[in-house]
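Novice: PDB, C-alpha atoms (C1' of nucleotides), saved as structure.pdb, coming up:
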ATOM      1  CA  MET Q   1     104.966  86.005  99.101
ATOM      2  CA  LEU Q   2     104.070  82.864  97.252
ATOM      3  CA  SER Q   3     103.680  79.950  99.643
ATOM      4  CA  LYS Q   4     105.836  76.868  99.245
ATOM      5  CA  LYS Q   5     102.646  74.932  98.821
ATOM      6  CA  THR Q   6     101.773  76.886  95.695
ATOM      7  CA  LYS Q   7     105.315  76.782  94.408
ATOM      8  CA  TYR Q   8     105.559  73.030  94.830
ATOM      9  CA  GLY Q   9     102.064  72.493  93.484
ATOM     10  CA  LEU Q  10     102.862  74.428  90.311
ATOM     11  CA  LYS Q  11     106.101  72.528  89.849
ATOM     12  CA  ALA Q  12     104.371  69.207  90.301
ATOM     13  CA  LEU Q  13     101.631  70.118  87.835
ATOM     14  CA  THR Q  14     104.203  71.257  85.318
ATOM     15  CA  PHE Q  15     106.184  68.078  85.794
ATOM     16  CA  LEU Q  16     103.121  65.941  85.185
ATOM     17  CA  ALA Q  17     102.200  68.019  82.149
ATOM     18  CA  SER Q  18     105.651  67.458  80.696
ATOM     19  CA  GLN Q  19     105.315  63.672  80.839
ATOM     20  CA  LYS Q  20     104.864  62.064  77.459
ATOM     21  CA  GLY Q  21     102.315  59.404  78.268
ATOM     22  CA  LYS Q  22      99.472  59.576  80.744
ATOM     23  CA  ASP Q  23     100.971  56.935  82.996
ATOM     24  CA  PRO Q  24     100.719  57.655  86.712
ATOM     25  CA  VAL Q  25     103.850  59.139  88.292
ATOM     26  CA  GLN Q  26     104.739  58.330  91.872
ATOM     27  CA  ILE Q  27     104.995  61.020  94.517
ATOM     28  CA  ALA Q  28     108.555  59.941  95.258
ATOM     29  CA  GLU Q  29     109.550  60.472  91.638
ATOM     30  CA  ILE Q  30     108.113  63.989  91.481
ATOM     31  CA  ALA Q  31     109.570  64.920  94.849
ATOM     32  CA  LYS Q  32     113.017  63.787  93.789
ATOM     33  CA  GLN Q  33     113.000  65.486  90.418
ATOM     34  CA  GLU Q  34     111.717  68.780  91.789
ATOM     35  CA  ASN Q  35     113.578  68.853  95.104
ATOM     36  CA  ILE Q  36     110.472  68.787  97.238
ATOM     37  CA  SER Q  37     109.913  67.199 100.643
ATOM     38  CA  GLN Q  38     107.983  64.053  99.805
ATOM     39  CA  LYS Q  39     105.606  64.151 102.729
ATOM     40  CA  PHE Q  40     104.760  67.777 102.102
ATOM     41  CA  LEU Q  41     104.206  67.147  98.411
ATOM     42  CA  GLU Q  42     101.961  64.264  99.366
ATOM     43  CA  SER Q  43      99.430  66.589 100.996
ATOM     44  CA  ILE Q  44      99.609  69.053  98.113
ATOM     45  CA  LEU Q  45      98.901  66.408  95.473
ATOM     46  CA  LEU Q  46      96.058  65.125  97.573
ATOM     47  CA  SER Q  47      94.396  68.514  97.577
ATOM     48  CA  LEU Q  48      94.926  68.839  93.831
ATOM     49  CA  ARG Q  49      93.211  65.521  93.378
ATOM     50  CA  LYS Q  50      90.277  66.502  95.568
ATOM     51  CA  THR Q  51      89.795  69.679  93.576
ATOM     52  CA  GLY Q  52      89.691  67.876  90.270
ATOM     53  CA  PHE Q  53      93.082  68.632  88.774
ATOM     54  CA  LEU Q  54      94.680  65.243  89.295
ATOM     55  CA  GLY Q  55      93.660  61.627  89.256
ATOM     56  CA  SER Q  56      95.387  58.935  91.248
ATOM     57  CA  LYS Q  57      95.924  55.225  91.322
ATOM     58  CA  LYS Q  58      96.976  53.174  94.314
ATOM     59  CA  GLY Q  59      99.313  50.230  94.533
ATOM     60  CA  LYS Q  60     102.017  49.051  92.213
ATOM     61  CA  GLY Q  61     102.259  51.122  89.057
ATOM     62  CA  GLY Q  62     100.178  53.756  90.796
ATOM     63  CA  GLY Q  63     100.733  57.474  91.190
ATOM     64  CA  TYR Q  64      99.246  60.753  90.057
ATOM     65  CA  TYR Q  65      98.307  61.955  86.611
ATOM     66  CA  LEU Q  66      96.716  65.007  85.025
ATOM     67  CA  ILE Q  67      93.016  64.731  84.352
ATOM     68  CA  LYS Q  68      92.699  67.524  81.802
ATOM     69  CA  ASP Q  69      94.731  68.710  78.867
ATOM     70  CA  PRO Q  70      97.268  71.279  80.108
ATOM     71  CA  LYS Q  71      95.726  73.799  77.699
ATOM     72  CA  GLU Q  72      92.464  73.527  79.622
ATOM     73  CA  VAL Q  73      93.975  74.154  83.038
ATOM     74  CA  LEU Q  74      93.598  77.855  83.809
ATOM     75  CA  MET Q  75      95.972  79.491  86.231
ATOM     76  CA  THR Q  76      93.062  81.301  87.877
ATOM     77  CA  ASP Q  77      91.705  77.969  89.040
ATOM     78  CA  VAL Q  78      95.069  76.560  90.060
ATOM     79  CA  MET Q  79      96.024  79.655  92.047
ATOM     80  CA  ARG Q  80      92.700  79.815  93.858
ATOM     81  CA  VAL Q  81      93.075  76.232  95.012
ATOM     82  CA  LEU Q  82      96.741  76.418  95.982
ATOM     83  CA  GLU Q  83      97.214  80.014  97.136
ATOM     84  CA  GLY Q  84      93.673  81.081  97.939
ATOM     85  CA  PRO Q  85      91.887  84.233  96.758
ATOM     86  CA  ILE Q  86      93.596  86.200  94.014
ATOM     87  CA  SER Q  87      92.491  89.488  95.561
ATOM     88  CA  MET Q  88      94.674  90.942  98.290
ATOM     89  CA  VAL Q  89      91.656  92.099 100.302
ATOM     90  CA  PRO Q  90      88.322  90.294 100.683
ATOM     91  CA  CYS Q  91      86.340  93.435  99.775
ATOM     92  CA  VAL Q  92      87.503  93.239  96.146
ATOM     93  CA  SER Q  93      87.264  89.479  95.799
ATOM     94  CA  LEU Q  94      85.010  87.998  93.151
ATOM     95  CA  ASN Q  95      84.871  84.528  94.642
ATOM     96  CA  PHE Q  96      85.484  85.213  98.322
ATOM     97  CA  TYR Q  97      83.861  88.592  98.909
ATOM     98  CA  GLU Q  98      83.611  89.910 102.460
ATOM     99  CA  LYS Q  99      82.938  93.359 103.782
ATOM    100  CA  CYS Q 100      85.707  94.987 105.814
ATOM    101  CA  ASP Q 101      84.577  95.421 109.395
ATOM    102  CA  ASP Q 102      86.556  98.612 109.876
ATOM    103  CA  CYS Q 103      85.593 100.336 106.635
ATOM    104  CA  PRO Q 104      82.272 102.226 106.659
ATOM    105  CA  ASP Q 105      82.174 103.044 102.942
ATOM    106  CA  GLU Q 106      83.800 100.796 100.382
ATOM    107  CA  ASP Q 107      83.467 103.290  97.563
ATOM    108  CA  ALA Q 108      85.312 105.924  99.584
ATOM    109  CA  CYS Q 109      88.135 103.596 100.619
ATOM    110  CA  SER Q 110      91.517 104.268  99.079
ATOM    111  CA  VAL Q 111      92.739 100.753  99.769
ATOM    112  CA  HIS Q 112      89.703  99.301  98.055
ATOM    113  CA  LYS Q 113      90.316 101.523  95.053
ATOM    114  CA  LEU Q 114      93.945 100.510  94.656
ATOM    115  CA  MET Q 115      93.361  96.830  95.303
ATOM    116  CA  LEU Q 116      90.657  96.695  92.631
ATOM    117  CA  LYS Q 117      93.260  97.656  90.068
ATOM    118  CA  VAL Q 118      95.724  95.141  91.450
ATOM    119  CA  ARG Q 119      93.112  92.405  91.344
ATOM    120  CA  ASP Q 120      92.255  93.147  87.729
ATOM    121  CA  ALA Q 121      95.900  93.123  86.709
ATOM    122  CA  ASN Q 122      96.500  89.772  88.382
ATOM    123  CA  LEU Q 123      93.309  88.250  87.026
ATOM    124  CA  ALA Q 124      94.346  89.266  83.530
ATOM    125  CA  VAL Q 125      97.603  87.347  83.903
ATOM    126  CA  TYR Q 126      96.090  84.233  85.407
ATOM    127  CA  ARG Q 127      93.230  84.128  82.919
ATOM    128  CA  ASN Q 128      95.629  84.368  80.016
ATOM    129  CA  ASN Q 129      97.870  81.566  81.179
ATOM    130  CA  THR Q 130      97.238  77.854  81.258
ATOM    131  CA  LEU Q 131      99.375  75.011  82.490
ATOM    132  CA  ALA Q 132     100.513  74.534  78.891
ATOM    133  CA  ASP Q 133     101.959  78.044  78.888
ATOM    134  CA  LEU Q 134     104.275  77.168  81.771
ATOM    135  CA  LEU Q 135     105.804  74.271  79.924
ATOM    136  CA  LEU Q 136     108.616  76.034  78.147
TER     137      LEU Q 136
ATOM    138  CA  MET G   1      96.719  88.861 101.559
ATOM    139  CA  LEU G   2      97.450  92.487 102.257
ATOM    140  CA  SER G   3      98.766  92.940 105.792
ATOM    141  CA  LYS G   4      96.932  95.199 108.224
ATOM    142  CA  LYS G   5     100.099  97.225 108.449
ATOM    143  CA  THR G   6      99.911  98.087 104.760
ATOM    144  CA  LYS G   7      96.189  98.665 104.867
ATOM    145  CA  TYR G   8      96.469 101.039 107.818
ATOM    146  CA  GLY G   9      99.514 102.733 106.359
ATOM    147  CA  LEU G  10      97.716 103.435 103.090
ATOM    148  CA  LYS G  11      94.683 104.765 104.924
ATOM    149  CA  ALA G  12      96.826 107.042 107.056
ATOM    150  CA  LEU G  13      98.704 108.377 104.054
ATOM    151  CA  THR G  14      95.459 109.015 102.231
ATOM    152  CA  PHE G  15      94.016 110.741 105.271
ATOM    153  CA  LEU G  16      97.022 113.024 105.514
ATOM    154  CA  ALA G  17      96.896 113.726 101.798
ATOM    155  CA  SER G  18      93.259 114.743 102.086
ATOM    156  CA  GLN G  19      94.019 117.420 104.693
ATOM    157  CA  LYS G  20      93.750 120.937 103.367
ATOM    158  CA  GLY G  21      96.685 122.571 105.105
ATOM    159  CA  LYS G  22     100.027 121.065 105.929
ATOM    160  CA  ASP G  23      99.459 121.251 109.672
ATOM    161  CA  PRO G  24     100.578 118.187 111.605
ATOM    162  CA  VAL G  25      97.853 115.688 112.464
ATOM    163  CA  GLN G  26      98.026 113.710 115.680
ATOM    164  CA  ILE G  27      98.187 109.927 115.690
ATOM    165  CA  ALA G  28      95.094 109.818 117.872
ATOM    166  CA  GLU G  29      93.127 111.805 115.335
ATOM    167  CA  ILE G  30      94.086 109.548 112.433
ATOM    168  CA  ALA G  31      93.493 106.411 114.467
ATOM    169  CA  LYS G  32      90.025 107.575 115.436
ATOM    170  CA  GLN G  33      88.958 108.680 111.968
ATOM    171  CA  GLU G  34      90.223 105.509 110.295
ATOM    172  CA  ASN G  35      89.309 102.969 112.982
ATOM    173  CA  ILE G  36      92.861 101.886 113.650
ATOM    174  CA  SER G  37      94.475 100.771 116.899
ATOM    175  CA  GLN G  38      96.420 103.819 117.998
ATOM    176  CA  LYS G  39      99.489 101.987 119.252
ATOM    177  CA  PHE G  40      99.741  99.900 116.122
ATOM    178  CA  LEU G  41      99.354 102.953 113.940
ATOM    179  CA  GLU G  42     102.097 104.629 115.951
ATOM    180  CA  SER G  43     104.670 102.101 114.808
ATOM    181  CA  ILE G  44     103.484 102.282 111.214
ATOM    182  CA  LEU G  45     103.740 106.057 111.063
ATOM    183  CA  LEU G  46     107.148 105.857 112.629
ATOM    184  CA  SER G  47     108.384 103.600 109.858
ATOM    185  CA  LEU G  48     106.858 105.884 107.241
ATOM    186  CA  ARG G  49     108.742 108.765 108.761
ATOM    187  CA  LYS G  50     112.025 106.862 108.819
ATOM    188  CA  THR G  51     111.607 106.020 105.147
ATOM    189  CA  GLY G  52     111.047 109.595 104.127
ATOM    190  CA  PHE G  53     107.315 109.705 103.482
ATOM    191  CA  LEU G  54     106.273 111.612 106.574
ATOM    192  CA  GLY G  55     107.616 114.359 108.773
ATOM    193  CA  SER G  56     106.750 114.743 112.411
ATOM    194  CA  LYS G  57     106.635 117.338 115.129
ATOM    195  CA  LYS G  58     106.650 116.648 118.829
ATOM    196  CA  GLY G  59     104.792 118.345 121.632
ATOM    197  CA  LYS G  60     101.630 120.408 121.605
ATOM    198  CA  GLY G  61     100.385 121.078 118.106
ATOM    199  CA  GLY G  62     102.578 118.244 116.923
ATOM    200  CA  GLY G  63     101.781 115.228 114.793
ATOM    201  CA  TYR G  64     102.563 113.830 111.364
ATOM    202  CA  TYR G  65     102.441 115.448 107.962
ATOM    203  CA  LEU G  66     103.229 114.500 104.367
ATOM    204  CA  ILE G  67     106.630 115.559 103.152
ATOM    205  CA  LYS G  68     105.976 115.346  99.414
ATOM    206  CA  ASP G  69     103.136 116.308  97.149
ATOM    207  CA  PRO G  70     100.745 113.328  96.885
ATOM    208  CA  LYS G  71     101.330 113.350  93.121
ATOM    209  CA  GLU G  72     104.992 112.573  93.765
ATOM    210  CA  VAL G  73     104.369 109.610  96.039
ATOM    211  CA  LEU G  74     104.546 106.476  93.915
ATOM    212  CA  MET G  75     102.718 103.366  95.051
ATOM    213  CA  THR G  76     105.745 101.250  94.153
ATOM    214  CA  ASP G  77     107.711 102.982  96.893
ATOM    215  CA  VAL G  78     104.895 102.923  99.423
ATOM    216  CA  MET G  79     104.174  99.251  98.874
ATOM    217  CA  ARG G  80     107.818  98.235  99.112
ATOM    218  CA  VAL G  81     108.132  99.968 102.479
ATOM    219  CA  LEU G  82     104.862  98.752 103.953
ATOM    220  CA  GLU G  83     104.317  95.345 102.380
ATOM    221  CA  GLY G  84     107.815  94.419 101.253
ATOM    222  CA  PRO G  85     108.864  93.157  97.817
ATOM    223  CA  ILE G  86     106.296  93.456  95.054
ATOM    224  CA  SER G  87     107.406  90.151  93.535
ATOM    225  CA  MET G  88     105.871  87.002  94.925
ATOM    226  CA  VAL G  89     109.160  85.104  94.700
ATOM    227  CA  PRO G  90     112.656  86.490  95.330
ATOM    228  CA  CYS G  91     113.985  85.079  92.042
ATOM    229  CA  VAL G  92     111.939  87.601  90.025
ATOM    230  CA  SER G  93     112.474  90.547  92.350
ATOM    231  CA  LEU G  94     114.129  93.687  91.002
ATOM    232  CA  ASN G  95     115.012  95.155  94.374
ATOM    233  CA  PHE G  96     115.316  92.039  96.528
ATOM    234  CA  TYR G  97     116.651  89.400  94.153
ATOM    235  CA  GLU G  98     117.681  86.050  95.576
ATOM    236  CA  LYS G  99     118.302  82.740  93.899
ATOM    237  CA  CYS G 100     116.003  79.870  94.841
ATOM    238  CA  ASP G 101     117.983  77.232  96.683
ATOM    239  CA  ASP G 102     115.870  74.398  95.305
ATOM    240  CA  CYS G 103     115.765  75.488  91.687
ATOM    241  CA  PRO G 104     118.736  74.484  89.525
ATOM    242  CA  ASP G 105     117.773  76.468  86.435
ATOM    243  CA  GLU G 106     115.797  79.667  86.680
ATOM    244  CA  ASP G 107     115.085  79.871  82.980
ATOM    245  CA  ALA G 108     113.571  76.405  83.004
ATOM    246  CA  CYS G 109     111.386  77.030  86.033
ATOM    247  CA  SER G 110     107.662  77.261  85.411
ATOM    248  CA  VAL G 111     107.064  79.167  88.621
ATOM    249  CA  HIS G 112     109.684  81.720  87.676
ATOM    250  CA  LYS G 113     108.067  82.127  84.302
ATOM    251  CA  LEU G 114     104.591  82.754  85.653
ATOM    252  CA  MET G 115     105.722  84.985  88.486
ATOM    253  CA  LEU G 116     107.631  87.228  86.080
ATOM    254  CA  LYS G 117     104.363  88.027  84.371
ATOM    255  CA  VAL G 118     102.631  88.607  87.675
ATOM    256  CA  ARG G 119     105.390  90.920  88.818
ATOM    257  CA  ASP G 120     105.203  92.976  85.638
ATOM    258  CA  ALA G 121     101.457  93.302  85.933
ATOM    259  CA  ASN G 122     101.666  94.476  89.526
ATOM    260  CA  LEU G 123     104.529  96.846  88.849
ATOM    261  CA  ALA G 124     102.526  98.427  86.056
ATOM    262  CA  VAL G 125      99.710  99.184  88.469
ATOM    263  CA  TYR G 126     101.882 100.521  91.247
ATOM    264  CA  ARG G 127     103.988 102.625  88.903
ATOM    265  CA  ASN G 128     100.924 104.211  87.392
ATOM    266  CA  ASN G 129      99.376 105.156  90.691
ATOM    267  CA  THR G 130     100.389 107.835  93.143
ATOM    268  CA  LEU G 131      98.948 108.791  96.486
ATOM    269  CA  ALA G 132      96.981 111.484  94.675
ATOM    270  CA  ASP G 133      95.199 108.816  92.646
ATOM    271  CA  LEU G 134      93.821 107.221  95.795
ATOM    272  CA  LEU G 135      92.194 110.410  96.961
ATOM    273  CA  LEU G 136      88.792 110.155  95.320
TER     274      LEU G 136
ATOM    275  C1'  DT A   1      99.122  36.739 100.078
ATOM    276  C1'  DA A   2     102.986  39.975  99.723
ATOM    277  C1'  DT A   3     104.249  44.208  97.926
ATOM    278  C1'  DT A   4     103.580  48.717  96.566
ATOM    279  C1'  DA A   5     101.958  53.300  96.798
ATOM    280  C1'  DA A   6      98.290  56.485  97.803
ATOM    281  C1'  DT A   7      95.201  58.040 101.892
ATOM    282  C1'  DC A   8      94.235  60.030 106.200
ATOM    283  C1'  DT A   9      94.775  61.896 110.890
ATOM    284  C1'  DA A  10      97.244  64.177 114.065
ATOM    285  C1'  DC A  11     100.922  66.615 115.662
ATOM    286  C1'  DT A  12     105.095  69.799 116.067
ATOM    287  C1'  DA A  13     108.341  73.587 115.113
ATOM    288  C1'  DA A  14     109.167  77.881 113.257
ATOM    289  C1'  DT A  15     107.842  82.095 111.595
ATOM    290  C1'  DT A  16     105.070  86.117 110.900
ATOM    291  C1'  DC A  17     101.432  89.176 112.133
ATOM    292  C1'  DT A  18      98.998  92.093 115.151
ATOM    293  C1'  DA A  19      99.029  94.257 118.433
ATOM    294  C1'  DT A  20     100.144  96.197 123.675
ATOM    295  C1'  DA A  21     102.965  98.161 127.605
ATOM    296  C1'  DG A  22     105.706 101.491 129.482
ATOM    297  C1'  DG A  23     108.968 104.711 129.701
ATOM    298  C1'  DA A  24     112.159 108.259 127.225
ATOM    299  C1'  DT A  25     112.508 112.356 124.668
ATOM    300  C1'  DA A  26     111.392 116.703 122.765
ATOM    301  C1'  DA A  27     108.545 120.831 121.995
ATOM    302  C1'  DA A  28     105.251 124.278 123.283
ATOM    303  C1'  DT A  29     102.849 126.950 126.824
ATOM    304  C1'  DG A  30     102.055 129.640 130.926
TER     305       DG A  30
ATOM    306  C1'  DC O   1     111.234 126.498 134.697
ATOM    307  C1'  DA O   2     107.531 123.348 135.394
ATOM    308  C1'  DT O   3     103.692 121.270 133.122
ATOM    309  C1'  DT O   4     101.452 119.416 129.456
ATOM    310  C1'  DT O   5     101.393 117.307 125.121
ATOM    311  C1'  DA O   6     102.632 114.129 121.724
ATOM    312  C1'  DT O   7     106.153 111.592 119.334
ATOM    313  C1'  DC O   8     109.976 108.067 119.935
ATOM    314  C1'  DC O   9     111.717 103.647 121.113
ATOM    315  C1'  DT O  10     112.323  98.937 122.983
ATOM    316  C1'  DA O  11     110.560  94.919 124.434
ATOM    317  C1'  DT O  12     107.211  91.527 124.608
ATOM    318  C1'  DA O  13     103.171  88.487 124.032
ATOM    319  C1'  DG O  14      99.260  86.106 121.896
ATOM    320  C1'  DA O  15      97.301  84.431 117.665
ATOM    321  C1'  DA O  16      97.509  82.734 113.274
ATOM    322  C1'  DT O  17      99.756  80.691 109.454
ATOM    323  C1'  DT O  18     103.208  77.913 107.262
ATOM    324  C1'  DA O  19     106.099  74.069 106.589
ATOM    325  C1'  DG O  20     107.089  69.799 107.602
ATOM    326  C1'  DT O  21     106.918  64.978 110.205
ATOM    327  C1'  DA O  22     105.106  60.469 111.997
ATOM    328  C1'  DG O  23     102.623  56.589 111.643
ATOM    329  C1'  DA O  24      98.828  53.761 110.700
ATOM    330  C1'  DT O  25      95.315  52.531 106.951
ATOM    331  C1'  DT O  26      93.453  51.376 102.496
ATOM    332  C1'  DA O  27      93.480  49.840  97.846
ATOM    333  C1'  DA O  28      95.509  47.785  93.757
ATOM    334  C1'  DT O  29      98.608  44.582  91.535
ATOM    335  C1'  DA O  30     101.276  40.423  90.742
TER     336       DA O  30
END
Any chance you could give the structure as structure tokens?
Specialist:
Amino acid sequence: MLSKKTKYGLKALTFLASQKGKDPVQIAEIAKQENISQKFLESILLSLRKTGFLGSKKGKGGGYYLIKDPKEVLMTDVMRVLEGPISMVPCVSLNFYEKCDDCPDEDACSVHKLMLKVRDANLAVYRNNTLADLLL
Amino acid sequence: MLSKKTKYGLKALTFLASQKGKDPVQIAEIAKQENISQKFLESILLSLRKTGFLGSKKGKGGGYYLIKDPKEVLMTDVMRVLEGPISMVPCVSLNFYEKCDDCPDEDACSVHKLMLKVRDANLAVYRNNTLADLLL
DNA sequence: TATTAATCTACTAATTCTATAGGATAAATG
DNA sequence: CATTTATCCTATAGAATTAGTAGATTAATA
């Protein structure tokens, strides 16, 4: 299941991408438009800022704004930050690889074999979609 | 992340599929060979029996055995039983559809749009793989 | 300086996951 | 028919994760 964090994060990014200008948008505005708990959204936007997707401005007229062009924002990167590894098991992860403690031989593992295919299929989708592709 | 339940279930199914004869295999034997907690595996095998993947026999010489030919066991069905819906959000699920309570218009939802593609990609993998494909 | 809005820390409630315990039931064997 | 063997079933408990809340702080603007 997709976490609410990811769901809300994607909606917020899409909302910001759909704004005409590059003026900062307040958390409260995004939360209202997208039906998201404001306090929860607050922490999500913060993490998106710390990972380089958003910029922010404090005080009056402040808010969040996209740093890059939506066409340059790959879903692989967004998903890894919001949802975590794209792989369903660490032993097939490109960016978060870990050996299974219970599995003596990776190459002989049926789960490993299946999850490799699943990983590749998901990567293909995320690599071929940018924030701009979510816009309409 | 793939749950341990699914991981263990897949390993058990593969183990049973790799057996030469159709003689029942005891839980203890599978648990030992695959490094799985026996009691946990017990409940997993039980659910696989109740959903028509396995048969069982009690008493001495008893155990679990595959009911179908591994070639006939689709990963779509296995995954749905062990891991639940293949879709990451209910609003794109074929078998477990539910409307999002926060989303006024599905067709305008960026998350919906992306997750449709993800679902299709995953379905393609699971539909094209049977238990027999995990064997080597 | 007053107002506005993001920042940060800490905490809580609910849910799900991963088991474990213990007895009931059924089948085979001698 | 009694004993052994192994599945069946219910209940429960600890750990981890998720989702959300509270409240004080910091920075920018007018």
Novice: Select from chain G every residue with an atom at most 9 Å from any atom of chain A, then for each give the shortest pair of atoms and their distance in Å to one decimal, using all atoms listed in the file, rows by chain and rising number, as JSON lines.
Specialist:
{"residue": "G:Ser3", "atom": "CA", "partner": "A:DC17", "partner_atom": "C1'", "distance": 7.8}
{"residue": "G:Lys4", "atom": "CA", "partner": "A:DT18", "partner_atom": "C1'", "distance": 7.9}
{"residue": "G:Lys5", "atom": "CA", "partner": "A:DT18", "partner_atom": "C1'", "distance": 8.5}
{"residue": "G:Ser37", "atom": "CA", "partner": "A:DA19", "partner_atom": "C1'", "distance": 8.1}
{"residue": "G:Lys39", "atom": "CA", "partner": "A:DT20", "partner_atom": "C1'", "distance": 7.3}
{"residue": "G:Phe40", "atom": "CA", "partner": "A:DA19", "partner_atom": "C1'", "distance": 6.1}
{"residue": "G:Lys57", "atom": "CA", "partner": "A:DA27", "partner_atom": "C1'", "distance": 7.9}
{"residue": "G:Lys58", "atom": "CA", "partner": "A:DA27", "partner_atom": "C1'", "distance": 5.6}
{"residue": "G:Gly59", "atom": "CA", "partner": "A:DA27", "partner_atom": "C1'", "distance": 4.5}
{"residue": "G:Lys60", "atom": "CA", "partner": "A:DA28", "partner_atom": "C1'", "distance": 5.6}
{"residue": "G:Gly61", "atom": "CA", "partner": "A:DA28", "partner_atom": "C1'", "distance": 7.8}
{"residue": "G:Gly62", "atom": "CA", "partner": "A:DA27", "partner_atom": "C1'", "distance": 8.2}
Novice: What would the selection look like, as number ranges by chain, if the PyMOL selection byres ((chain Q) within 8 of (chain G)) were run on the coordinates I just shared?
Specialist: Q: 1-2, 7, 10-11, 14, 34-35, 87-89, 102-103, 108-111, 113-114, 117-118, 121-122, 125, 134-136
Novice: Please compute the CA of Arg127 (chain Q)-CA of Leu54 (chain Q) distance, one decimal, in Å.
Specialist: 20.0 Å
Novice: Between Q:Ser47, Q:Asn128, Q:Gln38, Q:Thr76, which is the closest to chain O once you count all atoms listed in the file?
Specialist: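 The closest residue to chain O is Q:Gln38.
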Novice: What is the distance between CA of Asp69 (chain Q) and CA of Val25 (chain Q), in Å to one decimal?
Specialist: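 Between CA of Asp69 (chain Q) and CA of Val25 (chain Q) the gap is 16.2 Å.
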Novice: Check which residues satisfy the PyMOL selection byres ((chain O) within 12 of (chain Q)) in the file shown, then give them as a count of residues only.
Specialist: 11
Novice: Could you please determine the separation between CA of Arg80 (chain G) and CA of Ser56 (chain G) in Å, to one decimal place?
Specialist: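 Between CA of Arg80 (chain G) and CA of Ser56 (chain G) the gap works out to 21.2 Å.
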Novice: I'd like the residues picked by the PyMOL selection byres ((chain Q and resi 27) around 8) written out as a list in words, using the chain letters and numbers from the file.
Specialist: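 For this structure, the PyMOL selection byres ((chain Q and resi 27) around 8) resolves to Val25, Gln26, Ala28, Glu29, Ile30, Ala31, Gln38, Leu41, Glu42, Gly63 and Tyr64 of chain Q.
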Novice: Which is closer to Lys50 (chain Q) than all the others in Q:Val81, Q:Gly21, Q:Lys32, Q:Ala132, using all atoms listed in the file?
Specialist: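 With all atoms listed in the file as the atom set, the closest residue is Q:Val81.
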